[in-house]
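S.K.: Here you go, one structure.
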Amino acid sequence: MLLTVKALQGRECCLQVSPDERISSLKRLVSEKLNVPVSQQRLLFKGKALADEHRLSDYAIGPESKLNLVIKPLEKASPEEPGRRIGPPQSPAIWHALAQVLGRHYSVADAEKILEQLQKDYERSLRLLSLDDIERMATRLLHPEVAEAVEMGFLD
């Protein structure tokens, strides 16, 4: 049967699937078509969220049905400090763009693993920054001429 999956941002795709298809495998197909990682997908049918372990037939989803796709942000809390978000507020857009690039060069599963590892490395790097590191970066960004003079040994 043919299903249409439409994201809130307007993108959509049509998928040929069986009524016995699990929601989890439907999400993998959507990931391939729309370059949205499975971990960021939430599928809805008539306003109801679909659970990964269920089948399309469990929800009485038939031919020509339309599913809505909500794309969840990639923001994650640091394992050491639950509830604390690391990184700038615009980072989910960056991670989404990176997921699309990885999706062009790797399988969906590999791209998700790579993206997850990159996020962990990024968060770890941020946690390891010292105040001196932050001050040096701020000086380079706000006063590039001073930073260049310091690096050349003219100022201490």
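So you can find residues: chains in the structure tokens are A, B, ... in the order shown, residues in each start at 1, and ligands are numbered from 1 in order.
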Taking the DSSP assignment computed from this structure's backbone, write out as a PyMOL selection string all residues of stretch 2-152 of chain A that belong to alpha helix (DSSP H).

M.R.: chain A and resi 23-34+91-105+108-127+131-142+144-151

S.K.: Store the residues picked out above, limited to C-alpha atoms, as a JSON list (two decimals), in the first residue's frame.

M.R.:
[["chain", "number", "residue", "atom", "x", "y", "z"],
["A", 23, "ILE", "CA", 6.75, 1.51, 12.71],
["A", 24, "SER", "CA", 10.49, 1.15, 13.41],
["A", 25, "SER", "CA", 11.17, -0.04, 9.85],
["A", 26, "LEU", "CA", 8.89, 2.69, 8.46],
["A", 27, "LYS", "CA", 11.06, 5.23, 10.29],
["A", 28, "ARG", "CA", 14.17, 3.77, 8.60],
["A", 29, "LEU", "CA", 12.51, 4.24, 5.20],
["A", 30, "VAL", "CA", 11.57, 7.83, 6.10],
["A", 31, "SER", "CA", 15.17, 8.41, 7.19],
["A", 32, "GLU", "CA", 16.44, 7.29, 3.79],
["A", 33, "LYS", "CA", 13.93, 9.43, 1.87],
["A", 34, "LEU", "CA", 13.97, 12.64, 3.94],
["A", 91, "SER", "CA", 23.32, 23.59, 17.48],
["A", 92, "PRO", "CA", 20.35, 21.34, 16.53],
["A", 93, "ALA", "CA", 20.31, 22.95, 13.07],
["A", 94, "ILE", "CA", 24.01, 22.24, 12.73],
["A", 95, "TRP", "CA", 23.58, 18.61, 13.78],
["A", 96, "HIS", "CA", 20.66, 18.22, 11.35],
["A", 97, "ALA", "CA", 22.76, 19.61, 8.48],
["A", 98, "LEU", "CA", 25.62, 17.30, 9.42],
["A", 99, "ALA", "CA", 23.20, 14.34, 9.51],
["A", 100, "GLN", "CA", 22.14, 15.17, 5.95],
["A", 101, "VAL", "CA", 25.75, 15.28, 4.74],
["A", 102, "LEU", "CA", 26.58, 11.98, 6.46],
["A", 103, "GLY", "CA", 23.40, 10.46, 4.99],
["A", 104, "ARG", "CA", 24.75, 11.06, 1.49],
["A", 105, "HIS", "CA", 27.95, 9.13, 2.16],
["A", 108, "VAL", "CA", 21.49, 5.32, 7.71],
["A", 109, "ALA", "CA", 22.71, 3.19, 10.63],
["A", 110, "ASP", "CA", 26.36, 4.19, 10.11],
["A", 111, "ALA", "CA", 25.48, 7.88, 9.73],
["A", 112, "GLU", "CA", 23.54, 7.79, 13.01],
["A", 113, "LYS", "CA", 26.48, 6.13, 14.82],
["A", 114, "ILE", "CA", 28.94, 8.67, 13.43],
["A", 115, "LEU", "CA", 26.70, 11.60, 14.35],
["A", 116, "GLU", "CA", 26.20, 10.26, 17.87],
["A", 117, "GLN", "CA", 29.96, 9.89, 18.36],
["A", 118, "LEU", "CA", 30.61, 13.39, 16.99],
["A", 119, "GLN", "CA", 28.08, 14.81, 19.46],
["A", 120, "LYS", "CA", 29.72, 12.97, 22.37],
["A", 121, "ASP", "CA", 33.18, 14.19, 21.33],
["A", 122, "TYR", "CA", 31.89, 17.76, 20.95],
["A", 123, "GLU", "CA", 30.27, 17.75, 24.39],
["A", 124, "ARG", "CA", 33.39, 16.20, 25.96],
["A", 125, "SER", "CA", 35.59, 18.86, 24.36],
["A", 126, "LEU", "CA", 33.38, 21.62, 25.73],
["A", 127, "ARG", "CA", 33.46, 20.16, 29.24],
["A", 131, "LEU", "CA", 38.85, 29.32, 31.74],
["A", 132, "ASP", "CA", 42.22, 30.15, 30.14],
["A", 133, "ASP", "CA", 41.13, 28.36, 26.94],
["A", 134, "ILE", "CA", 37.88, 30.33, 26.88],
["A", 135, "GLU", "CA", 39.72, 33.61, 27.50],
["A", 136, "ARG", "CA", 42.16, 32.89, 24.63],
["A", 137, "MET", "CA", 39.28, 32.09, 22.26],
["A", 138, "ALA", "CA", 37.41, 35.23, 23.30],
["A", 139, "THR", "CA", 40.51, 37.35, 22.72],
["A", 140, "ARG", "CA", 41.03, 35.84, 19.26],
["A", 141, "LEU", "CA", 37.40, 36.46, 18.32],
["A", 142, "LEU", "CA", 36.98, 39.92, 19.83],
["A", 144, "PRO", "CA", 42.22, 39.42, 16.49],
["A", 145, "GLU", "CA", 45.02, 42.00, 16.21],
["A", 146, "VAL", "CA", 45.98, 41.53, 19.90],
["A", 147, "ALA", "CA", 45.81, 37.74, 19.63],
["A", 148, "GLU", "CA", 48.12, 37.83, 16.60],
["A", 149, "ALA", "CA", 50.64, 40.02, 18.42],
["A", 150, "VAL", "CA", 50.61, 37.69, 21.45],
["A", 151, "GLU", "CA", 51.15, 34.62, 19.24]]

S.K.: Which polymer residues have any atom within 6 Å of an atom of A:Leu56, counting only C-alpha atoms, with same-chain residues fewer than 2 positions away left out, as JSON, numbers by chain?

M.R.: {"A": [19, 21, 58, 59, 61]}

S.K.: For the residues in the current selection, export N, CA, C and O atoms as a PDB file, in the first residue's frame.

M.R.:
ATOM      1  N   PRO A  19       0.966  -3.567   5.152  1.00  0.00           N
ATOM      2  CA  PRO A  19       0.237  -3.260   6.392  1.00  0.00           C
ATOM      3  C   PRO A  19       0.893  -3.883   7.626  1.00  0.00           C
ATOM      4  O   PRO A  19       0.706  -3.418   8.740  1.00  0.00           O
ATOM      5  N   GLU A  21       4.065  -3.902   8.191  1.00  0.00           N
ATOM      6  CA  GLU A  21       5.337  -3.197   8.439  1.00  0.00           C
ATOM      7  C   GLU A  21       5.342  -2.620   9.848  1.00  0.00           C
ATOM      8  O   GLU A  21       4.360  -2.051  10.309  1.00  0.00           O
ATOM      9  N   ASP A  58      -1.894  -2.293  13.287  1.00  0.00           N
ATOM     10  CA  ASP A  58      -2.347  -2.102  14.674  1.00  0.00           C
ATOM     11  C   ASP A  58      -3.084  -0.772  14.849  1.00  0.00           C
ATOM     12  O   ASP A  58      -3.887  -0.618  15.764  1.00  0.00           O
ATOM     13  N   TYR A  59      -2.769   0.183  13.985  1.00  0.00           N
ATOM     14  CA  TYR A  59      -3.388   1.508  14.059  1.00  0.00           C
ATOM     15  C   TYR A  59      -4.462   1.705  12.982  1.00  0.00           C
ATOM     16  O   TYR A  59      -4.930   2.815  12.772  1.00  0.00           O
ATOM     17  N   ILE A  61      -4.046   1.713   9.845  1.00  0.00           N
ATOM     18  CA  ILE A  61      -3.511   2.580   8.788  1.00  0.00           C
ATOM     19  C   ILE A  61      -3.616   1.810   7.487  1.00  0.00           C
ATOM     20  O   ILE A  61      -3.055   0.714   7.345  1.00  0.00           O
TER      21      ILE A  61
END

S.K.: What lies within 9 Å of A:Ile71 using only C-alpha atoms, ignoring chain neighbours under 2 positions off, as a PyMOL selection string?

M.R.: chain A and resi 7-9+36-37+40-43+69+73

S.K.: Restricted to N, CA, C and O atoms, what would the selected residues look like written as a compact mmCIF listing (two decimals), in the first residue's frame?

M.R.:
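Below you can see result-v5.txt, which holds the result:
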# COMPACT_ATOMS: atom_id res chain seq x y z
N ALA A 7 6.31 16.00 6.74
CA ALA A 7 6.94 16.69 7.87
C ALA A 7 6.26 18.04 8.07
O ALA A 7 5.69 18.61 7.12
N LEU A 8 6.32 18.54 9.29
CA LEU A 8 5.69 19.83 9.58
C LEU A 8 6.32 20.95 8.77
O LEU A 8 5.68 21.95 8.50
N GLN A 9 7.56 20.79 8.38
CA GLN A 9 8.24 21.82 7.60
C GLN A 9 7.84 21.79 6.13
O GLN A 9 8.33 22.58 5.34
N VAL A 36 16.29 12.33 7.69
CA VAL A 36 16.02 12.68 9.09
C VAL A 36 16.37 11.45 9.91
O VAL A 36 15.77 10.39 9.72
N PRO A 37 17.35 11.56 10.82
CA PRO A 37 17.73 10.40 11.63
C PRO A 37 16.53 9.80 12.37
O PRO A 37 15.65 10.53 12.84
N GLN A 40 15.41 11.15 15.66
CA GLN A 40 14.73 12.45 15.69
C GLN A 40 13.28 12.38 15.21
O GLN A 40 12.59 13.39 15.22
N GLN A 41 12.83 11.21 14.79
CA GLN A 41 11.49 11.09 14.21
C GLN A 41 10.43 10.76 15.25
O GLN A 41 10.66 9.95 16.14
N ARG A 42 9.29 11.39 15.06
CA ARG A 42 8.08 11.01 15.80
C ARG A 42 6.97 10.99 14.77
O ARG A 42 6.64 12.02 14.17
N LEU A 43 6.39 9.82 14.53
CA LEU A 43 5.34 9.68 13.53
C LEU A 43 3.97 9.73 14.21
O LEU A 43 3.77 9.11 15.26
N LEU A 69 5.02 13.74 10.35
CA LEU A 69 6.34 13.54 10.93
C LEU A 69 6.74 14.78 11.73
O LEU A 69 6.75 15.88 11.19
N PRO A 73 14.39 17.86 18.13
CA PRO A 73 15.75 18.41 18.14
C PRO A 73 16.73 17.39 18.72
O PRO A 73 16.35 16.51 19.48

S.K.: Write down as number ranges by chain the residues belonging to chain A that are assigned strand (DSSP E) by DSSP computed on the backbone.

M.R.: A: 2-7, 12-16, 41-45, 48-49, 66-71

S.K.: One decimal, in Å: what's the spacing between atom CA of A:Gln16 and atom CA of A:Lys72?

M.R.: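 Separating atom CA of A:Gln16 from atom CA of A:Lys72 is a distance of 24.4 Å.
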
S.K.: Neighbours of A:Lys66 within 9 Å (only C-alpha atoms; same-chain residues fewer than 4 positions away dropped), as a ChimeraX atom specification?

M.R.: /A:3-6,45-46,61

S.K.: When you count only C-alpha atoms, which of these residues is closest to A:Gly62: A:Ser107, A:Ser130, A:Ser39, A:Ser18?

M.R.: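 Among the listed residues, A:Ser18 lies closest to A:Gly62.
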